[in-house]
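Peer 1: Structure below; questions to follow.
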Amino acid sequence: MRHTRHADFALRVLMYLRVAPGRRGSIADIATAHRISGNHLDKVVRRMSEAGLVATTRGRGGGVHLIRDPSTITVGDVMRAMEDDFAVVECLGPARYCQIAGVCGARSIFAQALRAYFAVLDGATLDDIAMNDQ
């Protein structure tokens, strides 16, 4: 399974904010620090804001800031907010039609693997991945 760049960028934004003074920063500063497009980052931050991971403020002294304690934001939260599709096989997707469903046990195996995957991601917080004691 491979995640989109938006999920990667979202984690980078959160780690940046986690260690930034006052846990805030500008999109321009974050984009420069990570050498990514400010336009892409703007879209990512907008989606993160809609998911309740960050808030944005316009104007002087504005920017992006954390609205939750970093110890309560899990990597699973971020992935769910940023990704649209976790169907590692077609039968886990929205259509869920399969001609061999009656004789195939793969769906339950992949569903179990996906639950285990999220159990690991839900056990890792922003504090865990930022690894900075500020």
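Each chain in the structure tokens gets a letter, A, B, ..., in the order shown, and its residues are numbered from 1; ligands are numbered from 1 in order too.
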Write out as a PyMOL selection string the residues lying within 12 Å of A:Val78, counting only C-alpha atoms and excluding same-chain residues fewer than 5 positions away.
Peer 2: chain A and resi 3-4+6-15+44-45+47-54+70+72-73+83-84+118+121-122+124-126
Peer 1: As number ranges by chain, please: every residue in stretch 15-101 of chain A that DSSP puts in strand (DSSP E or B).
Peer 2: A: 24-25, 54-57, 63-66, 74
Peer 1: Atoms to include: N, CA, C and O atoms. Write the selected residues as a PDB file, in the first residue's frame.
Peer 2:
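So the final result, stored in out.pdb, reads:
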ATOM      1  N   ARG A  24       3.220  26.900  15.787  1.00  0.00           N
ATOM      2  CA  ARG A  24       2.604  27.557  14.633  1.00  0.00           C
ATOM      3  C   ARG A  24       3.672  27.847  13.602  1.00  0.00           C
ATOM      4  O   ARG A  24       4.849  27.884  13.901  1.00  0.00           O
ATOM      5  N   GLY A  25       3.203  28.051  12.364  1.00  0.00           N
ATOM      6  CA  GLY A  25       4.114  28.385  11.284  1.00  0.00           C
ATOM      7  C   GLY A  25       3.329  28.838  10.073  1.00  0.00           C
ATOM      8  O   GLY A  25       2.114  28.640   9.995  1.00  0.00           O
ATOM      9  N   VAL A  54      -5.573  20.965  12.389  1.00  0.00           N
ATOM     10  CA  VAL A  54      -4.930  22.271  12.530  1.00  0.00           C
ATOM     11  C   VAL A  54      -5.980  23.352  12.335  1.00  0.00           C
ATOM     12  O   VAL A  54      -7.091  23.081  11.888  1.00  0.00           O
ATOM     13  N   ALA A  55      -5.588  24.576  12.646  1.00  0.00           N
ATOM     14  CA  ALA A  55      -6.422  25.739  12.336  1.00  0.00           C
ATOM     15  C   ALA A  55      -5.529  26.742  11.624  1.00  0.00           C
ATOM     16  O   ALA A  55      -4.305  26.725  11.779  1.00  0.00           O
ATOM     17  N   THR A  56      -6.152  27.582  10.846  1.00  0.00           N
ATOM     18  CA  THR A  56      -5.398  28.614  10.139  1.00  0.00           C
ATOM     19  C   THR A  56      -5.947  29.975  10.502  1.00  0.00           C
ATOM     20  O   THR A  56      -7.135  30.135  10.765  1.00  0.00           O
ATOM     21  N   THR A  57      -5.043  30.945  10.519  1.00  0.00           N
ATOM     22  CA  THR A  57      -5.403  32.322  10.802  1.00  0.00           C
ATOM     23  C   THR A  57      -4.747  33.192   9.746  1.00  0.00           C
ATOM     24  O   THR A  57      -3.565  33.038   9.464  1.00  0.00           O
ATOM     25  N   GLY A  63      -1.174  32.179  10.398  1.00  0.00           N
ATOM     26  CA  GLY A  63      -0.474  30.981   9.943  1.00  0.00           C
ATOM     27  C   GLY A  63      -1.250  29.740  10.300  1.00  0.00           C
ATOM     28  O   GLY A  63      -2.460  29.774  10.545  1.00  0.00           O
ATOM     29  N   VAL A  64      -0.538  28.655  10.356  1.00  0.00           N
ATOM     30  CA  VAL A  64      -1.117  27.350  10.676  1.00  0.00           C
ATOM     31  C   VAL A  64      -0.703  27.015  12.097  1.00  0.00           C
ATOM     32  O   VAL A  64       0.449  27.222  12.482  1.00  0.00           O
ATOM     33  N   HIS A  65      -1.631  26.482  12.877  1.00  0.00           N
ATOM     34  CA  HIS A  65      -1.258  26.072  14.226  1.00  0.00           C
ATOM     35  C   HIS A  65      -2.034  24.829  14.650  1.00  0.00           C
ATOM     36  O   HIS A  65      -3.126  24.552  14.148  1.00  0.00           O
ATOM     37  N   LEU A  66      -1.422  24.100  15.571  1.00  0.00           N
ATOM     38  CA  LEU A  66      -2.062  22.909  16.121  1.00  0.00           C
ATOM     39  C   LEU A  66      -3.230  23.325  17.009  1.00  0.00           C
ATOM     40  O   LEU A  66      -3.119  24.292  17.759  1.00  0.00           O
ATOM     41  N   THR A  74      -3.029  10.977  16.346  1.00  0.00           N
ATOM     42  CA  THR A  74      -2.368   9.747  15.936  1.00  0.00           C
ATOM     43  C   THR A  74      -2.085   9.761  14.437  1.00  0.00           C
ATOM     44  O   THR A  74      -2.728  10.484  13.679  1.00  0.00           O
TER      45      THR A  74
END
Peer 1: To one decimal in Å, tell me the separation between atom CA of A:Leu17 and atom CA of A:Thr32.
Peer 2: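 Atom CA of A:Leu17 sits 13.8 Å away from atom CA of A:Thr32.
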Peer 1: So, with only C-alpha atoms as the atoms that count, which of A:Arg80, A:Arg60, A:His40, A:Arg5 lies closest to A:Ile27?
Peer 2: A:His40
Peer 1: Between atom CA of A:Gly61 and atom CA of A:Arg46, what is the distance in Å, rounded to a tenth?
Peer 2: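 Separating atom CA of A:Gly61 from atom CA of A:Arg46 is a distance of 18.2 Å.
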Peer 1: Please measure the separation of atom CA of A:Ala87 and atom CA of A:Leu41, giving the value in Å to one decimal.
Peer 2: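 Between atom CA of A:Ala87 and atom CA of A:Leu41 the gap works out to 25.4 Å.
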Peer 1: Which parts of chain A does DSSP call helix (DSSP H, G or I) when run on the backbone here, written out as a ChimeraX atom specification?
Peer 2: /A:5-19,21-23,27-34,38-50,70-72,75-82,90-92,101-103,106-122,126-130
